[in-house]
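Visitor: Next comes the structure file query21.cif, holding mmCIF, C-alpha atoms.
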```cif
data_model
loop_
_atom_site.label_atom_id
_atom_site.label_comp_id
_atom_site.auth_asym_id
_atom_site.auth_seq_id
_atom_site.Cartn_x
_atom_site.Cartn_y
_atom_site.Cartn_z
CA MET A 591 23.47 -12.03 -0.94
CA SER A 592 26.51 -12.19 1.27
CA VAL A 593 26.15 -14.66 4.09
CA ARG A 594 29.91 -14.32 4.42
CA HIS A 595 29.79 -10.66 5.40
CA ALA A 596 26.69 -11.08 7.54
CA LEU A 597 28.63 -13.68 9.59
CA LEU A 598 31.67 -11.41 9.81
CA ALA A 599 29.35 -8.67 11.10
CA LEU A 600 27.98 -10.98 13.80
CA LEU A 601 31.50 -11.99 14.83
CA SER A 602 32.61 -8.36 14.98
CA GLU A 603 30.38 -8.08 18.07
CA GLY A 604 32.46 -10.74 19.83
CA PRO A 605 33.33 -14.46 19.65
CA LYS A 606 30.37 -16.79 19.01
CA TYR A 607 29.63 -20.50 18.69
CA GLY A 608 28.47 -21.97 15.38
CA LEU A 609 24.96 -22.57 16.69
CA GLN A 610 24.80 -19.03 18.04
CA LEU A 611 25.83 -17.64 14.64
CA ARG A 612 23.04 -19.51 12.93
CA GLN A 613 20.41 -18.43 15.46
CA GLU A 614 21.48 -14.80 15.44
CA PHE A 615 21.65 -14.70 11.66
CA GLU A 616 18.06 -15.90 11.49
CA ALA A 617 16.92 -13.53 14.22
CA ARG A 618 18.52 -10.50 12.59
CA THR A 619 17.47 -11.00 8.99
CA GLY A 620 14.02 -12.30 9.74
CA VAL A 621 12.09 -15.06 8.12
CA VAL A 622 12.44 -13.50 4.70
CA TRP A 623 16.09 -14.57 4.38
CA PRO A 624 16.04 -18.25 5.23
CA LEU A 625 19.29 -20.22 5.29
CA ASN A 626 19.81 -23.91 5.27
CA VAL A 627 21.54 -25.17 8.37
CA GLY A 628 24.73 -26.32 6.69
CA GLN A 629 25.28 -23.01 4.92
CA VAL A 630 26.42 -21.21 8.07
CA TYR A 631 29.02 -23.84 8.96
CA THR A 632 30.45 -24.21 5.46
CA THR A 633 30.66 -20.42 5.09
CA VAL A 634 32.38 -19.95 8.42
CA ALA A 635 34.83 -22.75 7.56
CA ARG A 636 35.71 -20.89 4.36
CA LEU A 637 36.16 -17.66 6.29
CA GLU A 638 38.58 -19.50 8.58
CA ARG A 639 40.47 -20.92 5.61
CA ASP A 640 40.84 -17.38 4.22
CA GLY A 641 42.16 -16.07 7.54
CA LEU A 642 39.19 -13.77 8.17
CA VAL A 643 37.96 -15.81 11.12
CA ALA A 644 39.85 -17.89 13.70
CA SER A 645 38.80 -20.65 16.08
CA ASP A 646 40.42 -21.83 19.29
CA ASP A 647 40.60 -25.56 18.74
CA GLY A 648 40.83 -28.14 16.07
CA GLU A 649 37.19 -29.27 16.22
CA GLU A 650 35.15 -29.89 13.09
CA PRO A 651 33.04 -26.93 11.98
CA GLY A 652 29.64 -27.12 13.67
CA PRO A 653 27.36 -25.82 16.39
CA GLN A 654 29.85 -26.28 19.26
CA LYS A 655 32.88 -24.65 17.70
CA ALA A 656 33.71 -21.10 18.80
CA TYR A 657 34.81 -18.47 16.27
CA ARG A 658 36.21 -14.96 16.44
CA ILE A 659 36.91 -12.37 13.79
CA THR A 660 40.58 -11.65 12.86
CA PRO A 661 41.95 -8.15 12.08
CA ALA A 662 41.92 -9.11 8.38
CA GLY A 663 38.25 -10.08 8.79
CA GLY A 664 37.52 -6.70 10.37
CA GLU A 665 39.14 -4.93 7.43
CA GLU A 666 37.24 -7.07 4.95
CA LEU A 667 33.94 -6.21 6.68
CA ALA A 668 34.69 -2.46 6.76
CA ALA A 669 35.58 -2.48 3.05
CA TRP A 670 32.45 -4.47 2.12
CA LEU A 671 30.13 -2.08 3.95
CA ARG A 672 31.46 0.83 1.90
CA THR A 673 31.56 -0.92 -1.46
CA PRO A 674 28.53 -0.15 -3.64
CA PRO A 675 26.64 -3.20 -4.95
CA ALA A 676 27.63 -4.50 -8.38
CA ALA A 677 27.34 -1.55 -10.74
CA GLU A 678 26.92 -3.40 -14.04
CA ALA A 679 23.63 -3.02 -15.90
CA PRO A 680 20.93 -5.28 -14.46
CA PRO A 681 19.68 -8.12 -16.65
CA ARG A 682 16.50 -7.20 -18.50
CA ASP A 683 13.60 -7.83 -16.20
CA GLU A 684 11.17 -10.55 -17.23
CA LEU A 685 8.15 -8.40 -16.37
CA VAL A 686 9.39 -5.57 -18.56
CA ILE A 687 9.93 -7.98 -21.44
CA LYS A 688 6.42 -9.42 -21.07
CA ILE A 689 4.80 -5.98 -21.21
CA LEU A 690 6.97 -4.95 -24.15
CA VAL A 691 5.88 -8.06 -26.04
CA ALA A 692 2.21 -7.66 -25.04
CA ALA A 693 2.19 -4.03 -26.20
CA ARG A 694 3.21 -5.10 -29.69
CA LEU A 695 1.10 -8.22 -30.14
CA PRO A 696 -2.15 -7.73 -32.04
CA GLY A 697 -5.28 -8.95 -30.30
CA VAL A 698 -3.72 -8.82 -26.83
CA ASP A 699 -5.43 -6.80 -24.10
CA VAL A 700 -2.34 -5.16 -22.60
CA ALA A 701 -4.33 -3.47 -19.83
CA GLN A 702 -5.56 -6.85 -18.66
CA ILE A 703 -2.05 -8.29 -18.64
CA ILE A 704 -0.72 -5.25 -16.77
CA GLN A 705 -3.54 -5.61 -14.23
CA ALA A 706 -2.81 -9.32 -13.68
CA HIS A 707 0.80 -8.46 -12.82
CA ARG A 708 -0.27 -5.47 -10.73
CA ARG A 709 -2.62 -7.67 -8.70
CA ARG A 710 0.08 -10.24 -8.00
CA LEU A 711 2.54 -7.55 -6.95
CA VAL A 712 0.01 -5.86 -4.62
CA GLU A 713 -0.86 -9.24 -3.10
CA THR A 714 2.79 -9.89 -2.35
CA MET A 715 3.15 -6.36 -0.93
CA SER A 716 0.16 -7.10 1.31
CA ARG A 717 1.89 -10.18 2.66
CA PHE A 718 5.04 -8.22 3.49
CA THR A 719 2.92 -5.47 5.04
CA ARG A 720 1.17 -8.09 7.19
CA LEU A 721 4.60 -9.35 8.19
CA LYS A 722 5.50 -5.81 9.33
CA GLN A 723 2.20 -5.45 11.17
CA ASP A 724 2.75 -8.67 13.08
CA ALA A 725 6.47 -8.08 13.72
CA ALA A 726 7.70 -7.03 17.12
CA GLU A 727 8.66 -3.34 17.18
CA ASP A 728 12.26 -4.20 18.06
CA ASP A 729 12.67 -6.75 15.26
CA LEU A 730 14.74 -4.29 13.26
CA GLY A 731 16.15 -6.87 10.84
CA LEU A 732 12.74 -8.16 9.83
CA LEU A 733 11.27 -4.67 9.49
CA LEU A 734 14.17 -3.49 7.31
CA VAL A 735 14.00 -6.52 5.04
CA ALA A 736 10.20 -6.24 4.72
CA ASP A 737 10.54 -2.53 3.85
CA ALA A 738 13.13 -3.33 1.20
CA GLU A 739 10.87 -5.93 -0.41
CA ILE A 740 7.88 -3.56 -0.32
CA PHE A 741 9.83 -0.75 -1.99
CA ARG A 742 11.19 -3.13 -4.61
CA LEU A 743 7.71 -4.46 -5.44
CA GLU A 744 6.24 -0.95 -5.38
CA ALA A 745 8.75 0.15 -8.00
CA PHE A 746 7.30 -2.45 -10.36
CA VAL A 747 3.71 -1.39 -9.61
CA ARG A 748 4.62 2.22 -10.34
CA TRP A 749 6.32 1.19 -13.54
CA LEU A 750 3.18 -0.76 -14.56
CA ASP A 751 1.03 2.34 -13.84
CA ALA A 752 3.33 4.47 -15.95
CA ALA A 753 3.47 1.84 -18.70
CA GLU A 754 -0.32 1.60 -18.80
CA ALA A 755 -0.70 5.38 -19.06
CA ARG A 756 1.95 5.53 -21.77
CA ILE A 757 0.41 2.72 -23.80
CA ARG A 758 -3.04 4.31 -23.55
CA HIS A 759 -1.69 7.66 -24.61
CA HIS A 760 0.08 6.00 -27.51
CA ALA A 761 -3.08 4.20 -28.61
CA HIS A 762 -5.16 7.38 -28.36
CA ALA A 763 -2.83 9.33 -30.60
CA PRO A 764 -2.11 7.00 -33.53
CA ALA A 765 -1.70 9.84 -36.02
CA ALA A 766 1.11 11.41 -34.05
CA ALA A 767 2.73 8.04 -33.46
CA SER A 768 2.78 7.12 -37.15
CA ALA A 769 3.59 10.57 -38.53
CA THR A 770 7.33 10.12 -38.23
CA PRO A 771 8.02 6.45 -38.84
CA SER A 772 11.36 5.41 -37.45
CA PRO A 773 13.13 2.09 -37.01
CA GLY A 774 11.66 0.32 -34.03
CA HIS A 775 8.24 1.95 -34.41
CA SER A 776 7.17 0.09 -37.51
CA ALA A 777 4.93 -2.32 -35.62
CA THR A 778 2.34 0.35 -34.78
CA PRO A 779 -0.80 -1.01 -36.47
CA THR A 780 -2.05 2.28 -37.91
CA PRO A 781 -3.63 2.50 -41.35
CA PRO A 782 -1.59 4.82 -43.57
CA ASN A 783 -4.56 6.96 -44.65
CA THR A 784 -5.96 7.90 -41.28
CA PRO A 785 -7.79 11.21 -41.68
CA SER A 786 -5.90 14.03 -40.04
CA GLY A 787 -7.38 16.05 -37.22
CA PRO A 788 -7.90 15.51 -33.51
CA ALA A 789 -9.01 11.88 -33.78
CA ARG A 790 -9.08 11.09 -30.09
CA ARG A 791 -9.97 7.48 -30.64
CA GLY A 792 -8.27 5.91 -33.57
CA PRO A 793 -8.94 2.40 -34.85
CA GLY A 794 -8.13 -0.19 -32.23
CA ALA A 795 -7.44 2.52 -29.69
CA ARG A 796 -9.67 0.92 -27.08
CA ALA A 797 -7.65 -2.27 -27.21
CA THR A 798 -6.01 -1.11 -24.03
CA ARG A 799 -9.27 -1.17 -22.11
CA MET B 960 -21.54 -14.04 9.22
CA THR B 961 -20.95 -10.37 10.01
CA ALA B 962 -23.30 -7.75 8.65
CA ALA B 963 -22.18 -5.48 5.86
CA VAL B 964 -21.62 -1.95 7.12
CA LEU B 965 -21.46 -0.56 3.60
CA GLU B 966 -23.02 -1.91 0.45
CA LEU B 967 -22.94 -0.34 -3.00
CA ARG B 968 -25.25 -1.97 -5.54
CA GLY B 969 -24.84 -1.08 -9.19
CA VAL B 970 -23.80 2.46 -8.35
CA THR B 971 -23.43 4.75 -11.36
CA LYS B 972 -22.53 8.43 -11.26
CA VAL B 973 -22.77 10.64 -14.31
CA TYR B 974 -21.72 14.29 -14.30
CA GLY B 975 -22.91 16.71 -16.99
CA ALA B 976 -25.07 15.78 -19.96
CA GLY B 977 -24.80 15.33 -23.71
CA ALA B 978 -21.38 15.99 -25.18
CA THR B 979 -19.84 16.87 -21.82
CA GLU B 980 -21.24 13.81 -20.06
CA VAL B 981 -18.69 12.05 -17.86
CA HIS B 982 -19.29 8.63 -16.40
CA ALA B 983 -17.40 8.88 -13.11
CA LEU B 984 -18.67 5.48 -11.92
CA THR B 985 -20.41 2.70 -13.81
CA ALA B 986 -22.33 -0.12 -12.11
CA VAL B 987 -20.04 -0.43 -9.09
CA ASP B 988 -20.78 -3.16 -6.53
CA LEU B 989 -18.88 -3.10 -3.25
CA THR B 990 -19.52 -4.64 0.15
CA VAL B 991 -17.48 -3.84 3.25
CA GLN B 992 -17.92 -5.76 6.49
CA ALA B 993 -17.36 -4.53 10.04
CA GLY B 994 -13.65 -4.74 10.86
CA GLU B 995 -12.67 -4.99 7.22
CA MET B 996 -10.39 -2.58 5.38
CA VAL B 997 -10.94 -2.33 1.64
CA ALA B 998 -8.63 -0.27 -0.53
CA VAL B 999 -10.00 1.23 -3.72
CA MET B 1000 -6.96 1.63 -5.91
CA GLY B 1001 -6.70 3.52 -9.16
CA PRO B 1002 -5.03 6.46 -10.87
CA SER B 1003 -6.29 10.06 -10.64
CA GLY B 1004 -9.61 10.43 -12.37
CA SER B 1005 -10.48 6.73 -12.04
CA GLY B 1006 -13.52 7.47 -9.85
CA LYS B 1007 -12.19 6.40 -6.47
CA SER B 1008 -12.90 9.72 -4.73
CA THR B 1009 -16.40 9.84 -6.23
CA LEU B 1010 -16.94 6.35 -4.84
CA LEU B 1011 -16.00 7.59 -1.36
CA THR B 1012 -18.25 10.65 -1.47
CA ILE B 1013 -21.18 8.51 -2.58
CA ALA B 1014 -20.42 5.87 0.07
CA GLY B 1015 -20.45 8.66 2.67
CA SER B 1016 -23.69 10.15 1.27
CA LEU B 1017 -22.01 13.46 0.48
CA GLU B 1018 -23.30 12.89 -3.04
CA ALA B 1019 -26.17 10.81 -4.41
CA PRO B 1020 -25.60 8.25 -7.16
CA THR B 1021 -27.24 8.81 -10.56
CA SER B 1022 -28.52 5.24 -10.29
CA GLY B 1023 -27.96 2.27 -8.04
CA GLU B 1024 -28.26 1.93 -4.31
CA VAL B 1025 -26.12 2.65 -1.25
CA LEU B 1026 -26.87 0.87 2.02
CA VAL B 1027 -25.24 1.75 5.33
CA GLU B 1028 -25.79 -0.94 7.94
CA GLY B 1029 -28.57 -2.39 5.82
CA THR B 1030 -30.51 0.86 5.41
CA SER B 1031 -30.82 2.36 1.96
CA LEU B 1032 -29.74 6.01 1.84
CA ALA B 1033 -32.22 6.73 -0.94
CA GLY B 1034 -35.14 6.13 1.39
CA MET B 1035 -33.87 8.57 4.03
CA SER B 1036 -34.80 12.21 4.36
CA ALA B 1037 -31.98 14.72 3.94
CA GLY B 1038 -32.06 15.31 7.70
CA ASP B 1039 -31.77 11.62 8.48
CA ARG B 1040 -28.90 11.27 6.06
CA ALA B 1041 -27.07 14.17 7.69
CA ARG B 1042 -27.62 12.62 11.12
CA MET B 1043 -26.40 9.24 9.88
CA ARG B 1044 -23.26 10.94 8.50
CA ARG B 1045 -22.55 12.76 11.75
CA ARG B 1046 -23.04 9.72 13.92
CA HIS B 1047 -21.77 6.79 11.94
CA VAL B 1048 -19.44 7.96 9.19
CA GLY B 1049 -15.93 9.32 9.69
CA TYR B 1050 -13.91 11.00 6.94
CA VAL B 1051 -10.15 11.30 6.69
CA PHE B 1052 -8.85 13.56 3.93
CA GLN B 1053 -5.39 14.12 2.51
CA ASP B 1054 -5.39 17.75 3.71
CA TYR B 1055 -6.69 16.92 7.23
CA ASN B 1056 -9.52 19.53 7.21
CA LEU B 1057 -9.01 20.51 10.84
CA LEU B 1058 -10.39 23.85 12.00
CA PRO B 1059 -7.41 26.10 12.78
CA GLY B 1060 -9.17 28.16 15.48
CA LEU B 1061 -10.02 25.16 17.63
CA THR B 1062 -7.74 23.08 19.82
CA VAL B 1063 -7.22 19.43 19.02
CA THR B 1064 -9.76 18.37 21.67
CA GLU B 1065 -12.28 20.93 20.39
CA ASN B 1066 -11.80 19.74 16.81
CA ILE B 1067 -12.51 16.18 17.85
CA ALA B 1068 -15.44 17.11 20.07
CA LEU B 1069 -17.07 19.22 17.36
CA PRO B 1070 -18.94 16.47 15.47
CA LEU B 1071 -20.42 15.29 18.78
CA GLU B 1072 -21.50 18.80 19.75
CA LEU B 1073 -23.08 19.28 16.33
CA ASP B 1074 -25.03 16.14 17.06
CA GLY B 1075 -26.40 17.62 20.30
CA VAL B 1076 -23.95 16.18 22.84
CA ARG B 1077 -23.23 18.69 25.64
CA ALA B 1078 -19.85 20.40 25.39
CA ARG B 1079 -18.42 18.95 28.57
CA LYS B 1080 -19.44 15.40 27.69
CA ALA B 1081 -18.18 15.82 24.11
CA ALA B 1082 -14.79 17.03 25.36
CA GLU B 1083 -14.60 14.04 27.69
CA VAL B 1084 -15.29 11.61 24.83
CA ALA B 1085 -12.74 13.47 22.67
CA ARG B 1086 -10.07 13.13 25.36
CA HIS B 1087 -10.85 9.44 25.66
CA THR B 1088 -10.40 8.98 21.90
CA LEU B 1089 -7.10 10.91 21.98
CA ASP B 1090 -5.96 8.65 24.78
CA ASP B 1091 -6.87 5.52 22.82
CA LEU B 1092 -4.83 6.72 19.85
CA GLY B 1093 -1.80 7.72 21.91
CA LEU B 1094 -2.38 11.46 21.33
CA ALA B 1095 -3.25 12.50 24.88
CA ASP B 1096 -0.47 15.12 24.98
CA HIS B 1097 -1.80 17.03 21.98
CA GLY B 1098 -5.27 17.90 23.31
CA ARG B 1099 -4.63 21.55 24.18
CA ARG B 1100 -2.58 22.34 21.11
CA PHE B 1101 -3.81 23.99 17.90
CA PRO B 1102 -3.53 22.26 14.51
CA ASP B 1103 -0.82 24.64 13.26
CA GLU B 1104 1.36 23.64 16.21
CA LEU B 1105 1.41 20.04 15.00
CA SER B 1106 3.41 18.26 12.30
CA GLY B 1107 1.64 16.83 9.26
CA GLY B 1108 1.71 13.34 10.72
CA GLN B 1109 0.29 14.52 14.05
CA ARG B 1110 -2.48 16.45 12.26
CA GLN B 1111 -3.48 13.39 10.30
CA ARG B 1112 -3.58 11.32 13.48
CA VAL B 1113 -5.85 13.97 15.01
CA ALA B 1114 -8.03 13.87 11.88
CA ILE B 1115 -8.33 10.10 12.33
CA ALA B 1116 -9.29 10.63 15.97
CA ARG B 1117 -11.99 13.07 14.85
CA ALA B 1118 -13.21 10.58 12.25
CA LEU B 1119 -13.48 7.89 14.92
CA VAL B 1120 -14.98 9.80 17.82
CA GLY B 1121 -18.31 8.53 19.13
CA ASP B 1122 -19.99 5.59 17.54
CA ARG B 1123 -18.51 5.59 14.04
CA ARG B 1124 -18.83 2.38 12.13
CA LEU B 1125 -17.72 3.48 8.70
CA LEU B 1126 -14.39 5.16 8.10
CA LEU B 1127 -13.72 6.70 4.67
CA ALA B 1128 -10.14 7.72 3.98
CA ASP B 1129 -9.04 9.53 0.81
CA GLU B 1130 -5.25 9.35 0.31
CA PRO B 1131 -4.80 9.65 4.09
CA SER B 1132 -1.01 9.76 3.96
CA GLY B 1133 -0.72 11.60 0.66
CA ALA B 1134 1.48 14.44 1.87
CA LEU B 1135 3.41 12.48 4.49
CA ASP B 1136 6.77 10.77 4.28
CA THR B 1137 6.83 6.98 4.21
CA GLN B 1138 7.55 6.49 7.89
CA THR B 1139 4.86 8.92 9.07
CA GLY B 1140 2.48 7.42 6.52
CA GLU B 1141 3.07 4.04 8.12
CA VAL B 1142 2.15 5.45 11.55
CA VAL B 1143 -1.12 6.74 10.05
CA MET B 1144 -1.85 3.39 8.41
CA ARG B 1145 -1.15 1.52 11.64
CA LEU B 1146 -3.67 3.79 13.33
CA LEU B 1147 -6.31 3.18 10.66
CA ARG B 1148 -5.61 -0.53 10.95
CA LYS B 1149 -6.10 -0.31 14.71
CA ALA B 1150 -9.46 1.43 14.23
CA CYS B 1151 -10.42 -1.23 11.77
CA ASN B 1152 -9.42 -4.07 14.08
CA ALA B 1153 -11.64 -2.45 16.72
CA GLY B 1154 -14.61 -2.98 14.40
CA ALA B 1155 -14.83 -0.01 12.00
CA ALA B 1156 -15.42 -0.82 8.35
CA THR B 1157 -12.86 1.16 6.38
CA VAL B 1158 -12.69 2.20 2.75
CA LEU B 1159 -9.38 3.64 1.67
CA ALA B 1160 -9.07 5.39 -1.69
CA THR B 1161 -5.51 5.58 -2.97
CA HIS B 1162 -3.25 5.39 -6.00
CA ASP B 1163 -0.42 4.20 -3.77
CA ALA B 1164 0.28 0.46 -3.68
CA GLN B 1165 2.12 0.76 -0.35
CA LEU B 1166 -1.01 2.12 1.28
CA ALA B 1167 -3.33 -0.31 -0.46
CA ALA B 1168 -1.17 -3.16 0.85
CA TRP B 1169 -2.43 -2.40 4.37
CA ALA B 1170 -5.97 -3.39 3.37
CA ASP B 1171 -7.61 -6.80 3.67
CA ARG B 1172 -8.82 -6.50 0.10
CA VAL B 1173 -7.86 -4.27 -2.81
CA VAL B 1174 -10.43 -3.30 -5.44
CA PHE B 1175 -8.91 -1.87 -8.62
CA VAL B 1176 -10.82 0.86 -10.46
CA ARG B 1177 -10.20 2.16 -13.96
CA ASP B 1178 -12.41 4.72 -15.70
CA GLY B 1179 -15.15 4.36 -13.09
CA VAL B 1180 -15.34 0.59 -13.39
CA THR B 1181 -14.06 -1.98 -10.90
CA VAL B 1182 -11.79 -4.14 -13.02
CA ASP B 1183 -10.19 -6.53 -10.56
CA GLN B 1184 -9.72 -7.48 -6.95
CA ALA B 1185 -6.77 -8.69 -4.85
CA GLY B 1186 -6.70 -10.60 -1.59
CA PRO B 1187 -7.57 -11.54 1.00
CA ALA B 1188 -3.83 -11.87 1.25
CA ALA B 1189 -2.33 -15.19 2.22
CA GLY B 1190 -0.55 -15.08 5.56
CA PRO B 1191 3.03 -13.91 5.77
CA GLU B 1192 4.14 -17.47 6.45
CA SER B 1193 3.65 -18.21 2.75
CA LEU B 1194 6.57 -15.88 2.04
CA LEU B 1195 8.85 -18.60 3.34
CA THR B 1196 7.90 -21.06 0.67
CA ALA B 1197 7.73 -18.60 -2.20
CA ASP B 1198 11.35 -18.48 -3.33
CA THR B 1199 13.84 -20.06 -1.02
CA PRO B 1200 13.05 -23.43 0.47
CA ARG B 1201 14.48 -23.81 3.94
#
```
Output the file's structure in the form of structure tokens.
Guide:
Amino acid sequence: MSVRHALLALLSEGPKYGLQLRQEFEARTGVVWPLNVGQVYTTVARLERDGLVASDDGEEPGPQKAYRITPAGGEELAAWLRTPPAAEAPPRDELVIKILVAARLPGVDVAQIIQAHRRRLVETMSRFTRLKQDAAEDDLGLLLVADAEIFRLEAFVRWLDAAEARIRHHAHAPAAASATPSPGHSATPTPPNTPSGPARRGPGARATR
Amino acid sequence: MTAAVLELRGVTKVYGAGATEVHALTAVDLTVQAGEMVAVMGPSGSGKSTLLTIAGSLEAPTSGEVLVEGTSLAGMSAGDRARMRRRHVGYVFQDYNLLPGLTVTENIALPLELDGVRARKAAEVARHTLDDLGLADHGRRFPDELSGGQRQRVAIARALVGDRRLLLADEPSGALDTQTGEVVMRLLRKACNAGAATVLATHDAQLAAWADRVVFVRDGVTVDQAGPAAGPESLLTADTPR
């Protein structure tokens, strides 16, 4: 997250005091992006050091000091807005890893594990939805942040739904899955001499229930 | 303690027989209180729509019992059940089901007229409902003159008109974009806060998140439940301490 650029954005509206910056930051981004008090002042001091922000007097950074954005700060802000977020591959998600492991472990009820994660995600989505419901209509910052969280969480729920369907399908068609053994598929616990034919429910197939 | 508006006790629904037998629902228990919104969440074919039709007495369960405001549907005559449906149960479907030849006000007044309310009185109640839901301007228009979101809001108005205590919604924002879907959910929430018990069937977690409680169904069985959700204030302590 870039507190730095959020503060530059606030200052691009006009000069502001330290205290004002903190209050407006909180008001705009809503309760879902809490800051500790000192963070605003240390960040704005760094912006000043880098020439992106200027102040009128030699006071210590704090609530009473007034800041304004410099032309260099304006350019920095404009460039940041247009720069796409870090494009490198995301780190492997812990949830994905857990489901991958659960799908391979014998004796584990994957469906139950998927459901436990689904429930937690939906509960968190409910809390953000409640936040939206209770938010004032003009609290744009809060509504945008809540939406973003809801979409992010929903993506995981949808992935869990897809994963569950895929794992079930896989378990229901063991013959097809084991017909062409390939590296990385060797863990499928299918007996080698499964009778051919449309065996809809192979051994252990209901493990996903 | 508030009375349960809807109660399902061990409801099972089997379609077909023998080799083609399908268990759409198996021993489902569900209680919904006045003012409560319960989402029934599951993938297609999980039994959630069957649950709604049985809750609304459009279909009878193979076994088990359905009670609406404490009265068992099994003990009612077909006529009484139809009357109960007309008076107390409102349905909201994904495809709106509005009659194209009637104006918005006429569509909303129709269930009242079918129940013997005089046309003029029914239209008056319909206009009042439209007013309550912020749809007063749409009364004289026909459904095909409205956007999808407006049609669904009218369908909710029709589901609520009169003395409806049970609202059954099947994927109510299925065909709508996210923002319009949110308008529809806010409206359902408003109806619920005014005292209607609401059951919402959906596969969509965003929709389910509007409910007080989420019941998860898989293969006709309720497998889990989420909520009641902790207040939004707990979001503050979840990750980033202040």
Visitor: Tell me as a PDB file with C-alpha atoms, keeping the file's coordinate frame which residues belonging to chain A come within 7 Å of chain B, counting all atoms listed in the file.
Guide:
```pdb
ATOM      1  CA  VAL A 621      12.090 -15.060   8.120  1.00  0.00           C
ATOM      2  CA  VAL A 622      12.440 -13.500   4.700  1.00  0.00           C
ATOM      3  CA  PRO A 624      16.040 -18.250   5.230  1.00  0.00           C
ATOM      4  CA  LEU A 625      19.290 -20.220   5.290  1.00  0.00           C
ATOM      5  CA  ASN A 626      19.810 -23.910   5.270  1.00  0.00           C
ATOM      6  CA  ARG A 709      -2.620  -7.670  -8.700  1.00  0.00           C
ATOM      7  CA  VAL A 712       0.010  -5.860  -4.620  1.00  0.00           C
ATOM      8  CA  GLU A 713      -0.860  -9.240  -3.100  1.00  0.00           C
ATOM      9  CA  MET A 715       3.150  -6.360  -0.930  1.00  0.00           C
ATOM     10  CA  SER A 716       0.160  -7.100   1.310  1.00  0.00           C
ATOM     11  CA  ARG A 717       1.890 -10.180   2.660  1.00  0.00           C
ATOM     12  CA  PHE A 718       5.040  -8.220   3.490  1.00  0.00           C
ATOM     13  CA  THR A 719       2.920  -5.470   5.040  1.00  0.00           C
ATOM     14  CA  ARG A 720       1.170  -8.090   7.190  1.00  0.00           C
ATOM     15  CA  LEU A 721       4.600  -9.350   8.190  1.00  0.00           C
ATOM     16  CA  GLU A 744       6.240  -0.950  -5.380  1.00  0.00           C
TER      17      GLU A 744
END
```
Visitor: If you measure from atom CA of Leu637 of chain A to atom CA of Ala662 of chain A, what distance in Å do you get, rounded to one decimal?
Guide: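 Between atom CA of Leu637 of chain A and atom CA of Ala662 of chain A the gap is 10.5 Å.
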Visitor: Could you state which residues are captured by the PyMOL selection byres ((chain B and resi 1012-1019) around 9) in this file, as a count of residues only?
Guide: 28
Visitor: Applying 12 Å and all atoms listed in the file, which residues near segment 701-703 of chain A remain after dropping the ones on its own chain fewer than 5 positions away? List them as a ChimeraX atom specification.
Guide: /A:685-686,688-693,695,708-710,750-758,761,795-799 /B:1175,1177,1182-1183
Visitor: Residue by residue, what does the PyMOL selection byres ((chain B and resi 1054) around 10) grab here? Present the result as an mmCIF file with C-alpha atoms, in the coordinates of the input.
Guide:
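Generated file (expr-v2.cif):
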```cif
data_model
loop_
_atom_site.group_PDB
_atom_site.id
_atom_site.type_symbol
_atom_site.label_atom_id
_atom_site.label_comp_id
_atom_site.auth_asym_id
_atom_site.auth_seq_id
_atom_site.Cartn_x
_atom_site.Cartn_y
_atom_site.Cartn_z
ATOM 1 C CA VAL B 1051 -10.150 11.300 6.690
ATOM 2 C CA PHE B 1052 -8.850 13.560 3.930
ATOM 3 C CA GLN B 1053 -5.390 14.120 2.510
ATOM 4 C CA TYR B 1055 -6.690 16.920 7.230
ATOM 5 C CA ASN B 1056 -9.520 19.530 7.210
ATOM 6 C CA LEU B 1057 -9.010 20.510 10.840
ATOM 7 C CA GLY B 1107 1.640 16.830 9.260
ATOM 8 C CA ARG B 1110 -2.480 16.450 12.260
ATOM 9 C CA GLN B 1111 -3.480 13.390 10.300
ATOM 10 C CA ALA B 1114 -8.030 13.870 11.880
ATOM 11 C CA ASP B 1129 -9.040 9.530 0.810
ATOM 12 C CA GLU B 1130 -5.250 9.350 0.310
ATOM 13 C CA PRO B 1131 -4.800 9.650 4.090
ATOM 14 C CA SER B 1132 -1.010 9.760 3.960
ATOM 15 C CA GLY B 1133 -0.720 11.600 0.660
ATOM 16 C CA ALA B 1134 1.480 14.440 1.870
#
```
Visitor: Just the number, please: distance in Å from atom CA of Arg612 of chain A to atom CA of Gly628 of chain A, one decimal.
Guide: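 If I compute the distance from atom CA of Arg612 of chain A to atom CA of Gly628 of chain A, I get 9.4 Å.
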